[in-house]
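Asks: Sharing a structure here in structure tokens format.
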Amino acid sequence: MRTPRSTTSPATGGDVFALIRAGLATTRTEIGNLTGLSRTAVAARVSSLQASGLVVEREEGVSTGGRPPVKLSFHVQAGVVLSAAIGRSRTQLAICDLAGDVLVAEDVEQEIGTSPAELMPVIARRLIALREGLGETAGRTVGIGISLPGTVDTERGCSLNSPMMSGWDGVPLQPFLADVTDAPVFVDNDANVMVLAERRGERRDFADMLLIKASTGLGAGLVSGGVLQRGALGAAGEIGHTKTAAAQGVVCRCGDVGCIEAVAGGWALVRNLQEQGRDVTHIRDVITLALAGDAEARRMIRESGRQIGEVLSGAINLLNPEVVIVGGDMAQAYDTFVAGLRETLYGNAIAVATQQLQILPWTHGELSGVVGSATMALDHVLSVRAVDRLLAQQK
């Protein structure tokens, strides 16, 4: 989470809120010390934040002599953010509080190839039902966060290039949600929001992070210097379509030949097992077999880790992250997958880039997509500028 911007201008209400939200200041005195604002100015900004509902006073702090200070805290129950992680065959929905914590969630199964015109109205109805189920405790809806596989146009709020989501490219999603709320809608890539989810809580201090999403497809989310990296056209992290010798001559579902996903993606593992006459339809079926001790499923998952690690080693040399997070369906077989990943990643990356590198499992498990989508939306609607606009509207 970013702290207030560095500026010679007096700290605004949004700057003060950022301090409180990050837990860097819990009293008016601490706010004054960090911002240089006078007592009167601090009081005015805190009063505006309280009027907006974003900040509340809570139990008194420990006295250092005289009257104990009143502690200020971010009022995470002041509203909700709606979240949807849209996949090829399953969409996960959630209502989260303003801290991004899930209040209620559900899954929606859909046929592969379902169009936005078919699926989005279902998502809208289910989000309304989930929110209504919370009753008055939900508060106001501040935004909606949506994630999609593939490259996303974040400005237009639509898929830009996703081979696995036929019919979605170029279709803005906000109009489908007009009856849900007039709050803003934000759309981003699935791996991008997942890496944002990882930078909450105890992992927020990792400023350089790479998340690999190993599911039906392969993708990566990148944070460098504390900032999510999307690239010039939003295609940063499309690691699944990196060419590799292991896939030479193998046709990928994107239509090209030689992509790492064509041999190491979940759909490739399903294909290989089906060719052996095994009854599997999704990578989750392969994971279930592996966890039950199936030798061939375990071998395939470990080999997938090896092949991905070989490609990922170049990214480690290029980016030098502090941590690699393993997420997606294959994270359910973490030990097996990472055993292969470590073998080639550490074997091919330069020693200085791996000497302090950590490899960790995702924090939020299957809720990672909805938590990340909510986090992405909250980073917009609770930014310094957004809060300043909100406070200005109150006057």
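By convention in this document, the chains of the structure tokens carry letters A, B, ... by their order, each chain's residues are numbered from 1, and ligands are numbered from 1 in the order they are shown.
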What lies within 9 Å of Gly365 (chain A) using only C-alpha atoms, ignoring chain neighbours under 4 positions off, as a list in words?
Replies: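 Listed by chain and then number, they are Gly327, Gly328, Asp329, Ala331, Gln332, Pro361 and Gly369 of chain A.
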Asks: Residues within 9 Å of region 43-47 of chain A, please, as a PyMOL selection string. Count only C-alpha atoms; anything in the same chain fewer than 5 positions from it doesn't count.
Replies: chain A and resi 12-14+16-17+28+38+52+55+72
Asks: Which region 198-305 of chain A residues have any atom within 12 Å of an atom of region 166-187 of chain A, and for each, what is the nearest pair of atoms with distance in Å to one decimal, counting only C-alpha atoms, rows sorted by chain and number, as a Markdown table?
Replies:
```
| residue | atom | partner | partner_atom | distance |
| --- | --- | --- | --- | --- |
| A:Gly234 | CA | A:Val187 | CA | 11.5 |
| A:Arg253 | CA | A:Ser166 | CA | 11.5 |
| A:Cys254 | CA | A:Ser166 | CA | 10.9 |
```
Asks: With region 137-157 of chain A as the partner and 10 Å as the cut-off, tabulate the residues of region 189-247 of chain A that qualify, each row holding the nearest pair of atoms and their distance in Å to one decimal, using only C-alpha atoms, sorted by chain and rising number, as a Markdown table.
Replies:
```
| residue | atom | partner | partner_atom | distance |
| --- | --- | --- | --- | --- |
| A:Asn189 | CA | A:Leu148 | CA | 5.0 |
| A:Asp190 | CA | A:Ser147 | CA | 4.9 |
| A:Ala191 | CA | A:Pro149 | CA | 7.7 |
| A:Asn192 | CA | A:Ser147 | CA | 8.4 |
| A:Val193 | CA | A:Ser147 | CA | 6.9 |
| A:Met194 | CA | A:Ser147 | CA | 9.1 |
| A:Gly217 | CA | A:Pro149 | CA | 8.5 |
| A:Leu218 | CA | A:Pro149 | CA | 9.4 |
| A:Gly219 | CA | A:Gly150 | CA | 8.0 |
| A:Arg230 | CA | A:Thr151 | CA | 9.2 |
| A:Leu233 | CA | A:Asp153 | CA | 7.6 |
| A:Gly234 | CA | A:Thr151 | CA | 5.8 |
| A:Ala235 | CA | A:Thr151 | CA | 5.3 |
| A:Ala236 | CA | A:Thr151 | CA | 8.3 |
| A:Gly237 | CA | A:Thr151 | CA | 9.1 |
| A:Glu238 | CA | A:Gly150 | CA | 7.4 |
| A:Gly240 | CA | A:Gly150 | CA | 9.9 |
```
Asks: Would you mind exporting N, CA and C atoms of the selected residues as a CSV table (one decimal), in the first residue's frame?
Replies:
```csv
chain,number,residue,atom,x,y,z
A,189,ASN,N,-6.2,-8.1,-15.5
A,189,ASN,CA,-5.8,-9.5,-15.8
A,189,ASN,C,-5.8,-10.3,-14.5
A,190,ASP,N,-6.1,-11.6,-14.6
A,190,ASP,CA,-6.3,-12.4,-13.4
A,190,ASP,C,-5.0,-12.6,-12.5
A,191,ALA,N,-3.9,-12.8,-13.2
A,191,ALA,CA,-2.6,-12.9,-12.5
A,191,ALA,C,-2.2,-11.5,-11.8
A,192,ASN,N,-2.5,-10.4,-12.5
A,192,ASN,CA,-2.3,-9.1,-11.9
A,192,ASN,C,-3.0,-8.9,-10.6
A,193,VAL,N,-4.3,-9.2,-10.6
A,193,VAL,CA,-5.0,-9.0,-9.3
A,193,VAL,C,-4.5,-10.0,-8.2
A,194,MET,N,-4.1,-11.2,-8.7
A,194,MET,CA,-3.7,-12.1,-7.7
A,194,MET,C,-2.4,-11.7,-7.0
A,217,GLY,N,-4.4,-22.4,-17.8
A,217,GLY,CA,-3.4,-21.7,-18.6
A,217,GLY,C,-2.3,-21.2,-17.6
A,218,LEU,N,-1.3,-20.5,-18.2
A,218,LEU,CA,-0.2,-20.0,-17.4
A,218,LEU,C,-0.1,-18.5,-17.5
A,219,GLY,N,0.1,-17.8,-16.4
A,219,GLY,CA,0.3,-16.4,-16.5
A,219,GLY,C,1.2,-15.9,-15.3
A,230,ARG,N,2.2,-3.6,-15.8
A,230,ARG,CA,1.3,-4.1,-16.8
A,230,ARG,C,1.9,-4.1,-18.2
A,233,LEU,N,1.1,-2.4,-23.3
A,233,LEU,CA,-0.2,-2.8,-23.8
A,233,LEU,C,-0.9,-3.7,-22.9
A,234,GLY,N,-0.4,-3.8,-21.6
A,234,GLY,CA,-1.1,-4.7,-20.7
A,234,GLY,C,-0.7,-6.1,-20.8
A,235,ALA,N,0.3,-6.4,-21.6
A,235,ALA,CA,0.7,-7.8,-21.9
A,235,ALA,C,1.8,-8.3,-21.0
A,236,ALA,N,2.3,-7.5,-20.0
A,236,ALA,CA,3.3,-8.0,-19.1
A,236,ALA,C,2.8,-9.2,-18.4
A,237,GLY,N,3.7,-10.2,-18.3
A,237,GLY,CA,3.3,-11.5,-17.5
A,237,GLY,C,2.7,-12.6,-18.4
A,238,GLU,N,2.6,-12.4,-19.7
A,238,GLU,CA,2.0,-13.4,-20.5
A,238,GLU,C,3.0,-14.5,-20.8
A,240,GLY,N,2.9,-17.7,-20.5
A,240,GLY,CA,2.4,-18.9,-21.0
A,240,GLY,C,2.7,-19.1,-22.5
```
Asks: Find the residues of region 253-277 of chain A that sit at most 8 Å from region 293-317 of chain A; for each, write down the nearest two atoms and how far apart they are in Å, to one decimal. Count only C-alpha atoms. Sort by chain, then by number going up, and give it as a tab-separated table.
Replies:
```
residue	atom	partner	partner_atom	distance
A:Ile260	CA	A:Ile308	CA	7.2
A:Val263	CA	A:Ser304	CA	7.4
A:Ala264	CA	A:Ser304	CA	4.5
A:Gly265	CA	A:Ser304	CA	7.2
A:Leu269	CA	A:Met300	CA	6.8
```
Asks: I need the chosen residues saved as a short mmCIF file (atom, residue, chain, number, x, y, z; two decimals), in the first residue's frame, with N, CA and C atoms.
Replies:
```cif
data_model
loop_
_atom_site.label_atom_id
_atom_site.label_comp_id
_atom_site.auth_asym_id
_atom_site.auth_seq_id
_atom_site.Cartn_x
_atom_site.Cartn_y
_atom_site.Cartn_z
N ILE A 260 5.17 -22.61 -24.02
CA ILE A 260 5.35 -23.39 -22.79
C ILE A 260 4.02 -23.94 -22.30
N VAL A 263 2.77 -27.53 -23.28
CA VAL A 263 3.28 -28.74 -22.64
C VAL A 263 3.16 -28.71 -21.12
N ALA A 264 3.07 -27.50 -20.53
CA ALA A 264 3.09 -27.39 -19.07
C ALA A 264 1.82 -26.80 -18.49
N GLY A 265 0.93 -26.24 -19.31
CA GLY A 265 -0.33 -25.71 -18.82
C GLY A 265 -1.27 -26.82 -18.39
N LEU A 269 -1.85 -30.97 -19.57
CA LEU A 269 -1.80 -32.15 -18.71
C LEU A 269 -3.08 -32.96 -18.85
#
```
Asks: Enumerate as an MDAnalysis selection string all residues of region 57-280 of chain A assigned to alpha helix (DSSP H) by DSSP on the backbone, naming them with the chain letters and numbers the document uses.
Replies: chainID A and resid 116:133 190:198 261:264 266:275
Asks: Report the distance between CA of Gly53 (chain A) and CA of Arg21 (chain A) in Å, rounded to one decimal place.
Replies: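 These atoms are spaced 12.8 Å apart.
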Asks: Quick one: everything within 7 Å of Thr216 (chain A), counting only C-alpha atoms, minus sequence neighbours fewer than 5 positions away in the same chain. Send it as a list in words.
Replies: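 Final neighbour list, sorted by chain and number: Gly265, Gly266, Trp267 and Ile283 of chain A.
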Asks: Selected residues, all heavy atoms, written as a PDB file, in the first residue's frame, please.
Replies:
```pdb
ATOM      1  N   GLY A 265       0.931 -26.241 -19.314  1.00  0.00           N
ATOM      2  CA  GLY A 265      -0.333 -25.711 -18.815  1.00  0.00           C
ATOM      3  C   GLY A 265      -1.269 -26.822 -18.386  1.00  0.00           C
ATOM      4  O   GLY A 265      -1.146 -27.973 -18.828  1.00  0.00           O
ATOM      5  N   GLY A 266      -2.233 -26.477 -17.534  1.00  0.00           N
ATOM      6  CA  GLY A 266      -3.167 -27.484 -17.047  1.00  0.00           C
ATOM      7  C   GLY A 266      -3.927 -28.182 -18.146  1.00  0.00           C
ATOM      8  O   GLY A 266      -4.162 -29.406 -18.088  1.00  0.00           O
ATOM      9  N   TRP A 267      -4.289 -27.437 -19.191  1.00  0.00           N
ATOM     10  CA  TRP A 267      -5.038 -28.064 -20.294  1.00  0.00           C
ATOM     11  C   TRP A 267      -4.187 -29.095 -21.030  1.00  0.00           C
ATOM     12  O   TRP A 267      -4.717 -30.092 -21.531  1.00  0.00           O
ATOM     13  CB  TRP A 267      -5.563 -27.003 -21.260  1.00  0.00           C
ATOM     14  CG  TRP A 267      -4.511 -26.238 -22.035  1.00  0.00           C
ATOM     15  CD1 TRP A 267      -3.913 -25.081 -21.656  1.00  0.00           C
ATOM     16  CD2 TRP A 267      -3.963 -26.582 -23.311  1.00  0.00           C
ATOM     17  NE1 TRP A 267      -3.008 -24.669 -22.622  1.00  0.00           N
ATOM     18  CE2 TRP A 267      -3.025 -25.578 -23.650  1.00  0.00           C
ATOM     19  CE3 TRP A 267      -4.169 -27.624 -24.208  1.00  0.00           C
ATOM     20  CZ2 TRP A 267      -2.293 -25.587 -24.835  1.00  0.00           C
ATOM     21  CZ3 TRP A 267      -3.435 -27.646 -25.393  1.00  0.00           C
ATOM     22  CH2 TRP A 267      -2.509 -26.629 -25.703  1.00  0.00           C
ATOM     23  N   ILE A 283      -7.930 -29.481 -15.016  1.00  0.00           N
ATOM     24  CA  ILE A 283      -6.704 -29.627 -14.229  1.00  0.00           C
ATOM     25  C   ILE A 283      -7.017 -29.959 -12.769  1.00  0.00           C
ATOM     26  O   ILE A 283      -6.242 -30.653 -12.102  1.00  0.00           O
ATOM     27  CB  ILE A 283      -5.820 -28.345 -14.342  1.00  0.00           C
ATOM     28  CG1 ILE A 283      -4.512 -28.509 -13.552  1.00  0.00           C
ATOM     29  CG2 ILE A 283      -6.573 -27.126 -13.873  1.00  0.00           C
ATOM     30  CD1 ILE A 283      -3.657 -29.676 -13.980  1.00  0.00           C
TER      31      ILE A 283
END
```
Asks: What gap, in Å, lies between CA of Asp97 (chain A) and CA of Leu34 (chain A)?
Replies: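 These two atoms are separated by 27.5 Å.
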Asks: Can you list every residue in region 108-159 of chain A that DSSP puts in strand (DSSP E or B), as number ranges by chain?
Replies: A: 108-109, 140-148, 151-153, 158-159
Asks: Filtering to N, CA and C atoms, could you give me those residues as a tab-separated table (two decimals), in the first residue's frame?
Replies:
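The file below, again13.tsv, is the result:
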```tsv
chain	number	residue	atom	x	y	z
A	108	VAL	N	-19.94	-19.61	-9.74
A	108	VAL	CA	-20.89	-19.78	-10.83
A	108	VAL	C	-20.21	-20.62	-11.91
A	109	GLU	N	-20.73	-21.80	-12.17
A	109	GLU	CA	-20.18	-22.64	-13.23
A	109	GLU	C	-20.80	-22.22	-14.57
A	140	ARG	N	-22.79	1.17	1.59
A	140	ARG	CA	-22.80	1.57	0.19
A	140	ARG	C	-21.76	0.77	-0.62
A	141	THR	N	-22.04	0.59	-1.88
A	141	THR	CA	-21.11	-0.08	-2.79
A	141	THR	C	-20.17	0.97	-3.37
A	142	VAL	N	-18.87	0.80	-3.16
A	142	VAL	CA	-17.90	1.81	-3.61
A	142	VAL	C	-17.28	1.47	-4.95
A	143	GLY	N	-17.40	0.23	-5.40
A	143	GLY	CA	-16.81	-0.14	-6.67
A	143	GLY	C	-16.97	-1.62	-6.96
A	144	ILE	N	-16.64	-1.99	-8.19
A	144	ILE	CA	-16.64	-3.39	-8.60
A	144	ILE	C	-15.29	-3.70	-9.23
A	145	GLY	N	-14.69	-4.80	-8.81
A	145	GLY	CA	-13.44	-5.27	-9.40
A	145	GLY	C	-13.66	-6.57	-10.15
A	146	ILE	N	-13.16	-6.65	-11.37
A	146	ILE	CA	-13.33	-7.84	-12.21
A	146	ILE	C	-11.98	-8.26	-12.76
A	147	SER	N	-11.72	-9.55	-12.74
A	147	SER	CA	-10.50	-10.06	-13.38
A	147	SER	C	-10.86	-11.02	-14.50
A	148	LEU	N	-10.01	-11.02	-15.53
A	148	LEU	CA	-10.17	-11.86	-16.71
A	148	LEU	C	-8.84	-12.50	-17.06
A	151	THR	N	-4.73	-10.73	-21.81
A	151	THR	CA	-4.42	-9.31	-21.80
A	151	THR	C	-5.71	-8.49	-21.69
A	152	VAL	N	-5.68	-7.45	-20.84
A	152	VAL	CA	-6.86	-6.64	-20.56
A	152	VAL	C	-6.59	-5.18	-20.88
A	153	ASP	N	-7.56	-4.52	-21.48
A	153	ASP	CA	-7.52	-3.07	-21.68
A	153	ASP	C	-8.15	-2.45	-20.45
A	158	CYS	N	-12.14	-4.01	-20.63
A	158	CYS	CA	-12.53	-5.17	-21.44
A	158	CYS	C	-11.31	-6.03	-21.74
A	159	SER	N	-11.58	-7.25	-22.18
A	159	SER	CA	-10.52	-8.14	-22.64
A	159	SER	C	-9.92	-7.57	-23.93
```
Asks: What is the distance, in Å and to one decimal place, between CA of Gln229 (chain A) and CA of Leu196 (chain A)?
Replies: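 Here the two named atoms are 10.8 Å from each other.
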Asks: Of the candidates A:Met165, A:Ala22, A:Ala262, A:Val324, which shows the shortest atom-to-atom distance to Arg90 (chain A), using only C-alpha atoms?
Replies: A:Met165
Asks: When you look at Met330 (chain A) with a cut-off of 7 Å (counting only C-alpha atoms), what residues show up, excluding the ones that are within fewer than 2 positions of it in the same chain? I need them as a PDB file with N, CA, C and O atoms, in the first residue's frame.
Replies:
```pdb
ATOM      1  N   ALA A 214      -0.463 -21.013 -12.211  1.00  0.00           N
ATOM      2  CA  ALA A 214      -0.391 -22.267 -12.961  1.00  0.00           C
ATOM      3  C   ALA A 214      -1.725 -22.979 -12.824  1.00  0.00           C
ATOM      4  O   ALA A 214      -1.975 -23.673 -11.833  1.00  0.00           O
ATOM      5  N   SER A 215      -2.581 -22.793 -13.790  1.00  0.00           N
ATOM      6  CA  SER A 215      -3.909 -23.399 -13.790  1.00  0.00           C
ATOM      7  C   SER A 215      -4.151 -24.028 -15.152  1.00  0.00           C
ATOM      8  O   SER A 215      -3.239 -24.626 -15.713  1.00  0.00           O
ATOM      9  N   ILE A 287      -5.191 -32.703 -10.306  1.00  0.00           N
ATOM     10  CA  ILE A 287      -4.722 -32.415  -8.949  1.00  0.00           C
ATOM     11  C   ILE A 287      -5.305 -33.425  -7.965  1.00  0.00           C
ATOM     12  O   ILE A 287      -4.610 -33.940  -7.081  1.00  0.00           O
ATOM     13  N   GLY A 328      -2.784 -20.557  -8.379  1.00  0.00           N
ATOM     14  CA  GLY A 328      -3.523 -21.303  -9.391  1.00  0.00           C
ATOM     15  C   GLY A 328      -3.817 -22.725  -8.931  1.00  0.00           C
ATOM     16  O   GLY A 328      -3.415 -23.152  -7.839  1.00  0.00           O
ATOM     17  N   GLN A 332      -2.440 -26.337  -5.425  1.00  0.00           N
ATOM     18  CA  GLN A 332      -3.029 -27.321  -4.506  1.00  0.00           C
ATOM     19  C   GLN A 332      -2.093 -28.527  -4.339  1.00  0.00           C
ATOM     20  O   GLN A 332      -2.165 -29.243  -3.334  1.00  0.00           O
ATOM     21  N   ALA A 333      -1.245 -28.767  -5.346  1.00  0.00           N
ATOM     22  CA  ALA A 333      -0.223 -29.820  -5.248  1.00  0.00           C
ATOM     23  C   ALA A 333       1.134 -29.137  -5.138  1.00  0.00           C
ATOM     24  O   ALA A 333       2.090 -29.464  -5.860  1.00  0.00           O
ATOM     25  N   TYR A 334       1.229 -28.194  -4.222  1.00  0.00           N
ATOM     26  CA  TYR A 334       2.381 -27.286  -4.113  1.00  0.00           C
ATOM     27  C   TYR A 334       3.714 -28.025  -4.019  1.00  0.00           C
ATOM     28  O   TYR A 334       4.649 -27.725  -4.761  1.00  0.00           O
ATOM     29  N   PHE A 337       4.651 -29.747  -7.384  1.00  0.00           N
ATOM     30  CA  PHE A 337       4.912 -28.769  -8.430  1.00  0.00           C
ATOM     31  C   PHE A 337       6.213 -28.010  -8.167  1.00  0.00           C
ATOM     32  O   PHE A 337       7.053 -27.854  -9.067  1.00  0.00           O
TER      33      PHE A 337
END
```
